[in-house]
Amino acid sequence: MARLREQDAARRAASGYGPDFLEAFARGLRVIRAFDKQRSAMSLSDVARATDLPKPSVRRALYTLTCLGLATSDGRTFRLTPKVMELASVYLGSNMISTVVQPACERLAEVTEQSCFAAVLDGHDIMVIAHSMHGRPDVLAPTIGLRRPAFNTAAGRAILSQLSDEALDAWLGTLEPKGVTDFTITDKRALRQQILHVRKEGFAITAQEWRRGYHAAAVPLRRYDGVAIGALCVAVWMEDSSTGSAAERHVPALTEEARALQPQLL
C-alpha cells in the first residue's frame with residue numbers, strides 16, 4: 001500500500017479520522033470539488049494546484065473519474081460530466097427534506113414573485129437542497145448543491161440561530177469572516193448579536209451583505225419534533241436599494257409555509 005505524504009499523514013492524524021479513513025477516496029472527492037464555475041475545465045496540473053495533491057494521485061483520480069463517465073477529457077483538459085449529478089440525486093431521492101420542500105419553494109415563488117430556496121448548514125456554508133427561480137436569475141438563481149457563506153446570508157443566520165449557545169460559540173470560533181460588501185458584518189461579536197436577535201424574532205433579514213442589491217428573508221425549517229434542520233428563504237433583488245431590507249414583507253408567507261411543512265418533515 002502506498003505511503004501517505006508526510007503532510008497528508010499529519011493531516012489525518014490531526015483530524016482524528018483513524019486508520020479506516022480512505023485517503024484515496026478522500027482525494028478523489030477533492031478532485032471533484034475542485035471544479036466550479038470559474039474552473040470548469042482544467043489540466044492535470046491545474047487540478048493538482050487546486051487540490052494541493054501530487055500529480056500522480058490527481059492523474060489516477062482523473063483517470064478513474066473518466067472511466068466511470070464522471071469526467072471527460074480532450075487529451076489536455078478535463079471536465080466533469082452531467083453524470084456527476086447522480087451523486088446528488090442519491091441524496092435528493094433518499095431525503096424527504098428536499099422532496100417535500102421543493103413544492104413549498106414553488107408555492108412561495110408564485111406567491112411572492114421572488115426566488116425561493118431551502119438550504120441546510122454544511123460547515124461554514126449553507127447548501128441549497130430545493131429552489132424555485134423568479135426575478136433576476138443571473139443574480140439570484142439558486143441551484144441544487146449551490147454553496148454560500150452562512151455568516152452573511154439570511155438562510156445561514158436562520159439556521160445558526162437554532163444552535164445552542166455552546167455550539168454557536170464553537171462555530172464562530174472557527175469562522176474567518178471576510179467582507180463582501182460595505183454592509184457585510186465581519187465582527188464576530190456583532191455577528192453573534194445578530195444571530196441571537198434572529199433567535200428572538202424567529203426570522204432573519206439581510207440587506208446587501210452577500211451582494212449589493214441582494215436582500216433576503218429566511219425562517220428556520222423544523223421537522224416534526226421541533227428540531228431545526230434547515231432554512232426557507234426568499235431572495236429579493238433591488239436595482240435601487242437602500243440600507244433597509246426589501247424582503248421583510250415576505251416573512252409571514254415564509255412562516256406560514258414553514259409551519260405547514262413541519263408535520264411532513266420526519
# chains A, B, ... in the order shown; residues from 1 in each chain; ligands from 1

$ residues_around --residues "region 112-121 of chain A" --least-positions-apart "4" --cutoff "10 Å" --atoms "only C-alpha atoms" --output "ChimeraX atom specification"
/A:97-98,101-102,104-108,125-137,140-150,155-157,159-160,216-221,228-237,247,249-250,253-254

$ residues_around --residues "region 37-46 of chain A" --least-positions-apart "6" --cutoff "8 Å" --atoms "only C-alpha atoms" --output "PyMOL selection string"
chain A and resi 55+58-59+76-80

$ write_last_selection --atoms "C-alpha atoms" --output "PDB file, in the first residue's frame"
ATOM      1  CA  LYS A  55       0.216  14.838  -9.799  1.00  0.00           C
ATOM      2  CA  VAL A  58      -4.542  13.507  -9.431  1.00  0.00           C
ATOM      3  CA  ARG A  59      -3.788  11.518 -12.580  1.00  0.00           C
ATOM      4  CA  ARG A  76      -5.281  18.130 -22.382  1.00  0.00           C
ATOM      5  CA  THR A  77      -8.065  19.390 -20.129  1.00  0.00           C
ATOM      6  CA  PHE A  78     -10.682  17.644 -18.028  1.00  0.00           C
ATOM      7  CA  ARG A  79     -14.319  18.473 -17.359  1.00  0.00           C
ATOM      8  CA  LEU A  80     -16.939  16.904 -15.151  1.00  0.00           C
TER       9      LEU A  80
END

$ select_by_dssp --residues "region 109-252 of chain A" --states "strand (DSSP E or B)" --output "PyMOL selection string"
chain A and resi 115-122+125-132+147-149+204-207+214-222+228-237

$ write_last_selection --atoms "N, CA and C atoms" --output "CSV table (one decimal), in the first residue's frame"
chain,number,residue,atom,x,y,z
A,115,SER,N,-37.5,34.7,-6.0
A,115,SER,CA,-36.8,33.4,-6.0
A,115,SER,C,-36.9,32.9,-4.5
A,116,CYS,N,-37.0,31.6,-4.4
A,116,CYS,CA,-37.1,31.0,-3.1
A,116,CYS,C,-36.3,29.8,-3.1
A,117,PHE,N,-35.6,29.5,-1.9
A,117,PHE,CA,-34.8,28.2,-1.8
A,117,PHE,C,-34.8,27.7,-0.4
A,118,ALA,N,-34.5,26.5,-0.3
A,118,ALA,CA,-34.3,25.9,1.1
A,118,ALA,C,-32.9,25.4,1.1
A,119,ALA,N,-32.3,25.6,2.3
A,119,ALA,CA,-30.9,25.2,2.5
A,119,ALA,C,-30.6,24.6,3.8
A,120,VAL,N,-29.5,23.8,3.9
A,120,VAL,CA,-29.1,23.2,5.1
A,120,VAL,C,-27.7,23.7,5.4
A,121,LEU,N,-27.2,23.6,6.7
A,121,LEU,CA,-25.9,24.0,7.1
A,121,LEU,C,-24.9,22.9,6.8
A,122,ASP,N,-23.8,23.3,6.2
A,122,ASP,CA,-22.7,22.4,5.9
A,122,ASP,C,-21.4,23.1,6.2
A,125,ASP,N,-20.8,26.9,5.5
A,125,ASP,CA,-21.6,27.3,4.3
A,125,ASP,C,-23.0,26.8,4.5
A,126,ILE,N,-23.9,27.4,3.7
A,126,ILE,CA,-25.2,26.8,3.5
A,126,ILE,C,-25.2,26.1,2.1
A,127,MET,N,-26.0,25.0,2.0
A,127,MET,CA,-26.1,24.3,0.7
A,127,MET,C,-27.6,24.2,0.3
A,128,VAL,N,-27.9,24.6,-0.9
A,128,VAL,CA,-29.2,24.6,-1.4
A,128,VAL,C,-29.7,23.2,-1.7
A,129,ILE,N,-30.9,22.8,-1.2
A,129,ILE,CA,-31.4,21.5,-1.4
A,129,ILE,C,-32.7,21.5,-2.2
A,130,ALA,N,-33.3,22.7,-2.4
A,130,ALA,CA,-34.5,22.9,-3.2
A,130,ALA,C,-34.6,24.3,-3.6
A,131,HIS,N,-35.3,24.6,-4.7
A,131,HIS,CA,-35.3,26.0,-5.1
A,131,HIS,C,-36.4,26.2,-6.2
A,132,SER,N,-36.8,27.4,-6.3
A,132,SER,CA,-37.7,27.8,-7.4
A,132,SER,C,-37.3,29.2,-7.9
A,147,ARG,N,-23.4,26.5,-2.9
A,147,ARG,CA,-22.9,26.8,-1.5
A,147,ARG,C,-22.7,28.3,-1.4
A,148,ARG,N,-23.1,28.9,-0.3
A,148,ARG,CA,-22.9,30.3,0.0
A,148,ARG,C,-22.5,30.4,1.5
A,149,PRO,N,-21.8,31.4,1.8
A,149,PRO,CA,-21.4,31.6,3.3
A,149,PRO,C,-22.6,31.6,4.1
A,204,ALA,N,-34.8,35.8,10.0
A,204,ALA,CA,-33.6,36.6,9.7
A,204,ALA,C,-33.8,37.5,8.4
A,205,ILE,N,-33.2,38.6,8.5
A,205,ILE,CA,-33.3,39.6,7.4
A,205,ILE,C,-31.8,40.0,7.1
A,206,THR,N,-31.4,40.0,5.8
A,206,THR,CA,-30.1,40.6,5.4
A,206,THR,C,-30.4,41.5,4.3
A,207,ALA,N,-29.6,42.6,4.2
A,207,ALA,CA,-29.7,43.6,3.2
A,207,ALA,C,-28.3,43.9,2.6
A,214,TYR,N,-28.9,42.8,-3.1
A,214,TYR,CA,-29.5,41.5,-2.8
A,214,TYR,C,-30.0,41.5,-1.3
A,215,HIS,N,-31.3,41.3,-1.2
A,215,HIS,CA,-31.9,41.3,0.1
A,215,HIS,C,-32.5,39.9,0.3
A,216,ALA,N,-32.7,39.5,1.5
A,216,ALA,CA,-33.3,38.1,1.8
A,216,ALA,C,-33.9,38.1,3.1
A,217,ALA,N,-34.9,37.2,3.2
A,217,ALA,CA,-35.6,36.9,4.4
A,217,ALA,C,-35.7,35.4,4.6
A,218,ALA,N,-35.5,34.9,5.8
A,218,ALA,CA,-35.4,33.5,6.0
A,218,ALA,C,-36.0,33.1,7.3
A,219,VAL,N,-36.6,31.9,7.4
A,219,VAL,CA,-37.1,31.4,8.7
A,219,VAL,C,-36.5,30.0,8.9
A,220,PRO,N,-36.3,29.5,10.1
A,220,PRO,CA,-35.8,28.1,10.3
A,220,PRO,C,-36.9,27.1,9.8
A,221,LEU,N,-36.3,26.0,9.4
A,221,LEU,CA,-37.2,24.9,8.9
A,221,LEU,C,-37.0,23.8,9.9
A,222,ARG,N,-38.1,23.4,10.5
A,222,ARG,CA,-38.1,22.4,11.6
A,222,ARG,C,-38.8,21.1,11.2
A,228,ALA,N,-34.6,22.0,14.4
A,228,ALA,CA,-34.3,22.7,13.2
A,228,ALA,C,-33.3,21.9,12.3
A,229,ILE,N,-33.7,21.9,11.0
A,229,ILE,CA,-32.9,21.1,10.0
A,229,ILE,C,-32.5,21.9,8.9
A,230,GLY,N,-32.9,23.2,8.8
A,230,GLY,CA,-32.5,24.0,7.6
A,230,GLY,C,-33.2,25.3,7.7
A,231,ALA,N,-33.3,26.0,6.6
A,231,ALA,CA,-34.0,27.3,6.5
A,231,ALA,C,-34.7,27.4,5.2
A,232,LEU,N,-35.8,28.2,5.2
A,232,LEU,CA,-36.6,28.5,4.0
A,232,LEU,C,-36.3,30.0,3.7
A,233,CYS,N,-36.0,30.4,2.5
A,233,CYS,CA,-35.5,31.7,2.2
A,233,CYS,C,-36.2,32.3,1.0
A,234,VAL,N,-36.5,33.6,1.0
A,234,VAL,CA,-37.0,34.3,-0.2
A,234,VAL,C,-36.0,35.4,-0.4
A,235,ALA,N,-35.5,35.5,-1.7
A,235,ALA,CA,-34.5,36.4,-2.1
A,235,ALA,C,-35.1,37.5,-3.0
A,236,VAL,N,-34.7,38.8,-2.8
A,236,VAL,CA,-35.2,39.9,-3.5
A,236,VAL,C,-34.0,40.7,-4.1
A,237,TRP,N,-34.2,41.1,-5.3
A,237,TRP,CA,-33.2,41.9,-6.0
A,237,TRP,C,-33.7,43.3,-6.2

$ residues_around --residues "region 84-86 of chain A" --least-positions-apart "5" --cutoff "12 Å" --atoms "only C-alpha atoms" --output "list in words"
Leu29, Ile32, Arg33, Phe35, Leu65, Thr66, Leu68, Gly69, Leu70, Ala71, Thr72, Arg79, Tyr91, Leu92, Gly93, Thr143, Ile144 and Gly145 of chain A

$ decode --residues "region 166-251 of chain A" --atoms "C-alpha atoms" --output "PDB file, in the first residue's frame"
ATOM      1  CA  GLU A 166     -22.148  26.475  23.113  1.00  0.00           C
ATOM      2  CA  ALA A 167     -22.495  25.180  19.565  1.00  0.00           C
ATOM      3  CA  LEU A 168     -22.798  28.714  18.179  1.00  0.00           C
ATOM      4  CA  ASP A 169     -19.678  29.870  20.005  1.00  0.00           C
ATOM      5  CA  ALA A 170     -17.762  26.844  18.716  1.00  0.00           C
ATOM      6  CA  TRP A 171     -18.928  27.590  15.171  1.00  0.00           C
ATOM      7  CA  LEU A 172     -17.944  31.246  15.438  1.00  0.00           C
ATOM      8  CA  GLY A 173     -14.620  30.256  16.948  1.00  0.00           C
ATOM      9  CA  THR A 174     -13.502  28.628  13.698  1.00  0.00           C
ATOM     10  CA  LEU A 175     -15.112  31.187  11.399  1.00  0.00           C
ATOM     11  CA  GLU A 176     -12.936  33.568   9.380  1.00  0.00           C
ATOM     12  CA  PRO A 177     -15.463  36.111   8.076  1.00  0.00           C
ATOM     13  CA  LYS A 178     -14.481  38.184   5.068  1.00  0.00           C
ATOM     14  CA  GLY A 179     -16.182  41.365   3.930  1.00  0.00           C
ATOM     15  CA  VAL A 180     -18.016  41.027   0.628  1.00  0.00           C
ATOM     16  CA  THR A 181     -19.789  44.395   0.509  1.00  0.00           C
ATOM     17  CA  ASP A 182     -19.751  47.541   2.631  1.00  0.00           C
ATOM     18  CA  PHE A 183     -22.723  46.106   4.519  1.00  0.00           C
ATOM     19  CA  THR A 184     -21.192  42.745   5.448  1.00  0.00           C
ATOM     20  CA  ILE A 185     -20.845  42.213   9.191  1.00  0.00           C
ATOM     21  CA  THR A 186     -17.446  40.682   9.896  1.00  0.00           C
ATOM     22  CA  ASP A 187     -17.032  41.453  13.599  1.00  0.00           C
ATOM     23  CA  LYS A 188     -17.743  38.181  15.396  1.00  0.00           C
ATOM     24  CA  ARG A 189     -19.233  39.837  18.459  1.00  0.00           C
ATOM     25  CA  ALA A 190     -21.649  41.861  16.345  1.00  0.00           C
ATOM     26  CA  LEU A 191     -22.400  38.813  14.253  1.00  0.00           C
ATOM     27  CA  ARG A 192     -23.259  36.794  17.353  1.00  0.00           C
ATOM     28  CA  GLN A 193     -25.634  39.528  18.469  1.00  0.00           C
ATOM     29  CA  GLN A 194     -27.310  39.469  15.069  1.00  0.00           C
ATOM     30  CA  ILE A 195     -27.804  35.715  15.263  1.00  0.00           C
ATOM     31  CA  LEU A 196     -29.220  35.941  18.799  1.00  0.00           C
ATOM     32  CA  HIS A 197     -31.598  38.638  17.541  1.00  0.00           C
ATOM     33  CA  VAL A 198     -32.767  36.238  14.831  1.00  0.00           C
ATOM     34  CA  ARG A 199     -33.353  33.593  17.506  1.00  0.00           C
ATOM     35  CA  LYS A 200     -35.555  36.049  19.417  1.00  0.00           C
ATOM     36  CA  GLU A 201     -37.502  37.301  16.401  1.00  0.00           C
ATOM     37  CA  GLY A 202     -37.915  33.933  14.690  1.00  0.00           C
ATOM     38  CA  PHE A 203     -36.724  35.145  11.284  1.00  0.00           C
ATOM     39  CA  ALA A 204     -33.596  36.565   9.655  1.00  0.00           C
ATOM     40  CA  ILE A 205     -33.258  39.574   7.373  1.00  0.00           C
ATOM     41  CA  THR A 206     -30.148  40.552   5.436  1.00  0.00           C
ATOM     42  CA  ALA A 207     -29.699  43.563   3.177  1.00  0.00           C
ATOM     43  CA  GLN A 208     -26.799  43.613   0.719  1.00  0.00           C
ATOM     44  CA  GLU A 209     -24.414  41.647   2.933  1.00  0.00           C
ATOM     45  CA  TRP A 210     -23.832  38.973   0.308  1.00  0.00           C
ATOM     46  CA  ARG A 211     -24.136  41.166  -2.797  1.00  0.00           C
ATOM     47  CA  ARG A 212     -25.180  44.759  -3.449  1.00  0.00           C
ATOM     48  CA  GLY A 213     -28.879  44.939  -4.190  1.00  0.00           C
ATOM     49  CA  TYR A 214     -29.472  41.463  -2.761  1.00  0.00           C
ATOM     50  CA  HIS A 215     -31.947  41.291   0.117  1.00  0.00           C
ATOM     51  CA  ALA A 216     -33.253  38.145   1.763  1.00  0.00           C
ATOM     52  CA  ALA A 217     -35.630  36.916   4.440  1.00  0.00           C
ATOM     53  CA  ALA A 218     -35.444  33.450   5.979  1.00  0.00           C
ATOM     54  CA  VAL A 219     -37.051  31.354   8.689  1.00  0.00           C
ATOM     55  CA  PRO A 220     -35.829  28.149  10.348  1.00  0.00           C
ATOM     56  CA  LEU A 221     -37.178  24.934   8.892  1.00  0.00           C
ATOM     57  CA  ARG A 222     -38.088  22.396  11.572  1.00  0.00           C
ATOM     58  CA  ARG A 223     -39.005  18.747  11.409  1.00  0.00           C
ATOM     59  CA  TYR A 224     -41.998  17.215  13.184  1.00  0.00           C
ATOM     60  CA  ASP A 225     -40.318  17.128  16.616  1.00  0.00           C
ATOM     61  CA  GLY A 226     -39.264  20.771  16.517  1.00  0.00           C
ATOM     62  CA  VAL A 227     -35.589  20.169  15.684  1.00  0.00           C
ATOM     63  CA  ALA A 228     -34.258  22.736  13.195  1.00  0.00           C
ATOM     64  CA  ILE A 229     -32.926  21.097  10.047  1.00  0.00           C
ATOM     65  CA  GLY A 230     -32.505  23.991   7.639  1.00  0.00           C
ATOM     66  CA  ALA A 231     -33.992  27.266   6.476  1.00  0.00           C
ATOM     67  CA  LEU A 232     -36.550  28.535   3.996  1.00  0.00           C
ATOM     68  CA  CYS A 233     -35.548  31.747   2.229  1.00  0.00           C
ATOM     69  CA  VAL A 234     -36.996  34.334  -0.165  1.00  0.00           C
ATOM     70  CA  ALA A 235     -34.470  36.446  -2.053  1.00  0.00           C
ATOM     71  CA  VAL A 236     -35.194  39.892  -3.495  1.00  0.00           C
ATOM     72  CA  TRP A 237     -33.186  41.941  -5.970  1.00  0.00           C
ATOM     73  CA  MET A 238     -33.474  45.735  -5.838  1.00  0.00           C
ATOM     74  CA  GLU A 239     -31.927  47.854  -8.583  1.00  0.00           C
ATOM     75  CA  ASP A 240     -32.214  50.997  -6.459  1.00  0.00           C
ATOM     76  CA  SER A 241     -31.611  49.622  -2.994  1.00  0.00           C
ATOM     77  CA  SER A 242     -31.257  51.425   0.318  1.00  0.00           C
ATOM     78  CA  THR A 243     -29.769  50.003   3.503  1.00  0.00           C
ATOM     79  CA  GLY A 244     -33.225  48.904   4.619  1.00  0.00           C
ATOM     80  CA  SER A 245     -34.459  45.464   3.687  1.00  0.00           C
ATOM     81  CA  ALA A 246     -36.886  44.879   0.839  1.00  0.00           C
ATOM     82  CA  ALA A 247     -37.515  41.293   1.928  1.00  0.00           C
ATOM     83  CA  GLU A 248     -39.176  41.648   5.327  1.00  0.00           C
ATOM     84  CA  ARG A 249     -42.679  41.775   3.830  1.00  0.00           C
ATOM     85  CA  HIS A 250     -42.283  38.114   2.831  1.00  0.00           C
ATOM     86  CA  VAL A 251     -41.736  36.859   6.398  1.00  0.00           C
TER      87      VAL A 251
END
